[in-house]
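I have placed the structure first, in the form of structure tokens, so that the comments after it can refer back to it.
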Amino acid sequence: MAASPTHARAWPFVRATTAALAFVAIVAQLERTVRNAQESTTVWGSDVATVVTNFLSFFTIQSNLAAAIVLTVAAVWAWTSGRRQSVEPRWLATLLVCVTTYMLVTGVVYNLLLRGIALPQGVTVPWSNEVLHVIVPGLLLIDLLFAPRRRALPWSTVAIALGYPLVWVVYTMVRGPLVISPSTGNPWWYPYPFLDPNRPGGVASVAPYVVVIAIGIAATAAAVVGVGRLRARR
């Protein structure tokens, strides 16, 4: 189904606005995180370099940052060479599949597994937390369903989308025991409780979460590719 000219002209602004919202939310949370480190009274809590690296190691932050960058690129493409194109280029379509998959998984995992976990007062910026875990994922879903110039991609794109999350899991599990937790002083740090092998059950308690999330990412990527193929046919 072809998009109307008004729809096609307006959508880059939707993408650029979503990107700006994600960037602002990330910066707001980073500023709060650094300020907390600077005010910490412990050696491990005041290590700003470690605290910033930890912040950037969250899947939520990485996926939001990637989404913001890709949406910005997509908007610029639409305002320049994209004005003469009926469908988005394959490289851009592939990147959009990846970031859409990651953001949808971020939203689902947060709201199913993490929303009920209480955090110390002042650790997070509440509005930023909602933007990164709810609003931006929702906007990426809207983009998947309604963005113009959608290109059909092969099913092999699912394998491409799986690459980054697998690398992230390996990075997380290798780095975890090498870092002192800024909040507790424990000689390990993991971005999410369900990835912490120091909890009761050890590594055996982590493996099922990793497997389920991997399956979920693959299924989500397949759904995203499927929607794109369906929309392209229409």
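In the structure tokens, the first chain shown is A, the next is B, and so on; residue numbers restart at 1 for each chain, and ligands run from 1 in the order shown.
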
For this session: Tell me, as a VMD selection string, which residues lie within 10 Å of Gln29 in chain A, counting only C-alpha atoms; anything in the same chain fewer than 6 positions away does not count.
Result: chain A and resid 35 55 61 123 to 129 132

Got time to write the residues from that selection, all heavy atoms, as an mmCIF file, in the first residue's frame?
data_model
loop_
_atom_site.group_PDB
_atom_site.id
_atom_site.type_symbol
_atom_site.label_atom_id
_atom_site.label_comp_id
_atom_site.auth_asym_id
_atom_site.auth_seq_id
_atom_site.Cartn_x
_atom_site.Cartn_y
_atom_site.Cartn_z
ATOM 1 N N ARG A 35 26.338 12.017 38.826
ATOM 2 C CA ARG A 35 26.203 12.826 40.039
ATOM 3 C C ARG A 35 26.162 11.948 41.281
ATOM 4 O O ARG A 35 26.777 12.263 42.310
ATOM 5 C CB ARG A 35 24.943 13.689 39.946
ATOM 6 C CG ARG A 35 24.660 14.546 41.175
ATOM 7 C CD ARG A 35 23.948 15.817 40.776
ATOM 8 N NE ARG A 35 22.877 15.572 39.823
ATOM 9 C CZ ARG A 35 21.615 15.298 40.170
ATOM 10 N NH1 ARG A 35 21.283 15.178 41.450
ATOM 11 N NH2 ARG A 35 20.692 15.142 39.243
ATOM 12 N N PHE A 55 26.892 1.963 33.146
ATOM 13 C CA PHE A 55 25.697 2.584 32.556
ATOM 14 C C PHE A 55 25.589 2.234 31.076
ATOM 15 O O PHE A 55 24.515 1.867 30.581
ATOM 16 C CB PHE A 55 25.776 4.098 32.754
ATOM 17 C CG PHE A 55 24.669 4.864 32.081
ATOM 18 C CD1 PHE A 55 23.420 4.966 32.675
ATOM 19 C CD2 PHE A 55 24.875 5.478 30.860
ATOM 20 C CE1 PHE A 55 22.391 5.671 32.057
ATOM 21 C CE2 PHE A 55 23.855 6.181 30.226
ATOM 22 C CZ PHE A 55 22.606 6.277 30.837
ATOM 23 N N ILE A 61 20.216 0.789 27.516
ATOM 24 C CA ILE A 61 20.902 1.998 27.056
ATOM 25 C C ILE A 61 21.465 1.780 25.663
ATOM 26 O O ILE A 61 21.325 2.636 24.770
ATOM 27 C CB ILE A 61 22.020 2.379 28.044
ATOM 28 C CG1 ILE A 61 21.422 2.678 29.427
ATOM 29 C CG2 ILE A 61 22.801 3.575 27.521
ATOM 30 C CD1 ILE A 61 20.394 3.793 29.453
ATOM 31 N N VAL A 123 18.233 6.895 42.365
ATOM 32 C CA VAL A 123 19.128 6.187 41.433
ATOM 33 C C VAL A 123 18.701 6.413 39.985
ATOM 34 O O VAL A 123 19.541 6.562 39.094
ATOM 35 C CB VAL A 123 19.165 4.679 41.754
ATOM 36 C CG1 VAL A 123 19.898 3.910 40.664
ATOM 37 C CG2 VAL A 123 19.852 4.453 43.094
ATOM 38 N N THR A 124 17.410 6.438 39.745
ATOM 39 C CA THR A 124 16.911 6.606 38.384
ATOM 40 C C THR A 124 16.133 7.911 38.245
ATOM 41 O O THR A 124 15.641 8.476 39.219
ATOM 42 C CB THR A 124 15.986 5.447 37.982
ATOM 43 O OG1 THR A 124 14.830 5.442 38.838
ATOM 44 C CG2 THR A 124 16.700 4.115 38.099
ATOM 45 N N VAL A 125 16.025 8.369 37.016
ATOM 46 C CA VAL A 125 15.163 9.494 36.673
ATOM 47 C C VAL A 125 13.841 8.885 36.199
ATOM 48 O O VAL A 125 13.815 8.263 35.130
ATOM 49 C CB VAL A 125 15.792 10.358 35.560
ATOM 50 C CG1 VAL A 125 14.871 11.518 35.206
ATOM 51 C CG2 VAL A 125 17.167 10.863 36.003
ATOM 52 N N PRO A 126 12.774 9.001 36.972
ATOM 53 C CA PRO A 126 11.543 8.259 36.647
ATOM 54 C C PRO A 126 11.045 8.470 35.220
ATOM 55 O O PRO A 126 10.710 7.505 34.526
ATOM 56 C CB PRO A 126 10.547 8.781 37.685
ATOM 57 C CG PRO A 126 11.410 9.175 38.852
ATOM 58 C CD PRO A 126 12.659 9.726 38.239
ATOM 59 N N TRP A 127 10.981 9.718 34.761
ATOM 60 C CA TRP A 127 10.453 9.949 33.409
ATOM 61 C C TRP A 127 11.376 9.357 32.345
ATOM 62 O O TRP A 127 10.909 8.816 31.340
ATOM 63 C CB TRP A 127 10.217 11.435 33.157
ATOM 64 C CG TRP A 127 11.451 12.278 33.073
ATOM 65 C CD1 TRP A 127 12.022 13.016 34.058
ATOM 66 C CD2 TRP A 127 12.290 12.464 31.912
ATOM 67 N NE1 TRP A 127 13.156 13.655 33.605
ATOM 68 C CE2 TRP A 127 13.343 13.333 32.287
ATOM 69 C CE3 TRP A 127 12.260 11.981 30.610
ATOM 70 C CZ2 TRP A 127 14.347 13.734 31.411
ATOM 71 C CZ3 TRP A 127 13.265 12.373 29.722
ATOM 72 C CH2 TRP A 127 14.293 13.239 30.135
ATOM 73 N N SER A 128 12.687 9.437 32.578
ATOM 74 C CA SER A 128 13.647 8.850 31.642
ATOM 75 C C SER A 128 13.466 7.338 31.574
ATOM 76 O O SER A 128 13.520 6.727 30.496
ATOM 77 C CB SER A 128 15.077 9.197 32.068
ATOM 78 O OG SER A 128 16.023 8.508 31.281
ATOM 79 N N ASN A 129 13.256 6.728 32.732
ATOM 80 C CA ASN A 129 13.061 5.284 32.787
ATOM 81 C C ASN A 129 11.860 4.856 31.946
ATOM 82 O O ASN A 129 11.920 3.868 31.197
ATOM 83 C CB ASN A 129 12.856 4.862 34.248
ATOM 84 C CG ASN A 129 13.169 3.403 34.486
ATOM 85 O OD1 ASN A 129 14.173 2.896 34.035
ATOM 86 N ND2 ASN A 129 12.294 2.726 35.192
ATOM 87 N N LEU A 132 12.637 5.288 28.090
ATOM 88 C CA LEU A 132 13.538 4.286 27.529
ATOM 89 C C LEU A 132 12.933 2.895 27.489
ATOM 90 O O LEU A 132 13.286 2.090 26.615
ATOM 91 C CB LEU A 132 14.841 4.256 28.333
ATOM 92 C CG LEU A 132 15.661 5.555 28.341
ATOM 93 C CD1 LEU A 132 16.875 5.417 29.243
ATOM 94 C CD2 LEU A 132 16.076 5.954 26.937
#

Exercise. Between A:Ala161, A:Val99, A:Ala66, A:Ala19, which has the minimum distance to Ala218 in chain A (counting only C-alpha atoms)?
Worked result: A:Ala161

For this session: Could you check how far CA of Arg9 in chain A sits from CA of Val225 in chain A, in Å to one decimal?
Result: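 These atoms are spaced 23.8 Å apart.
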
Exercise. Which residues, written as an MDAnalysis selection string, have at least one atom at most 9 Å from range 75-88 of chain A, with only C-alpha atoms counted and residues fewer than 2 positions away on the same chain left out?
Worked result: chainID A and resid 2 8:9 11:16 70:73 90:93 148:151 232

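Among the candidate residues A:Val131, A:Glu31, A:Asn186, A:Asn64, the one lying nearest to Val105 in chain A is A:Asn64, with distances computed using only C-alpha atoms.
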
Exercise. To one decimal place, how far is CA of Leu230 in chain A from CA of Ala147 in chain A in Å?
Worked result: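 Between CA of Leu230 in chain A and CA of Ala147 in chain A the gap is 13.1 Å.
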
Problem set entry | Coordinates-based distance that separates CA of Arg199 in chain A from CA of Ile215 in chain A (Å, one decimal) |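 Straight-line distance from CA of Ile215 in chain A to CA of Arg199 in chain A works out to 23.0 Å.
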
For this session: Among the residues of range 131-164 of chain A, find those DSSP assigns to alpha helix (DSSP H) from the backbone and print them as a list in words.
Result: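 Restricting range 131-164 of chain A to alpha helix (DSSP H) produces Val136, Pro137, Gly138, Leu139, Leu140, Leu141, Ile142, Asp143, Leu144, Leu145, Phe146, Thr157, Val158, Ala159, Ile160, Ala161, Leu162, Gly163 and Tyr164 of chain A.
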
Problem set entry | Pro182 in chain A environment, 12 Å, only C-alpha atoms, sequence neighbours closer than 2 positions dropped, as a PyMOL selection string | chain A and resi 33-34+36-55+123+179-180+184-191

Seminar exercise, completed: Shortest contact to Ala68 in chain A, candidates A:Leu114, A:Val203, A:Ala20, A:Leu56, atoms counted only C-alpha atoms, goes to A:Ala20

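With only C-alpha atoms as the atoms that count, the minimum distance from Gly216 in chain A to the choices A:Leu162, A:Ala152, A:Ala10, A:Leu144 is reached by A:Leu162.
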
Exercise. Of the residues A:Ser183, A:Thr106, A:Thr172, A:Thr60, which is the one nearest to Ile213 in chain A, using only C-alpha atoms?
Worked result: A:Thr106

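Residue nearest Leu96 in chain A within the list A:Ser4, A:Ser181, A:Asn111, A:Ser63: A:Ser63 [criterion: smallest interatomic distance, only C-alpha atoms].
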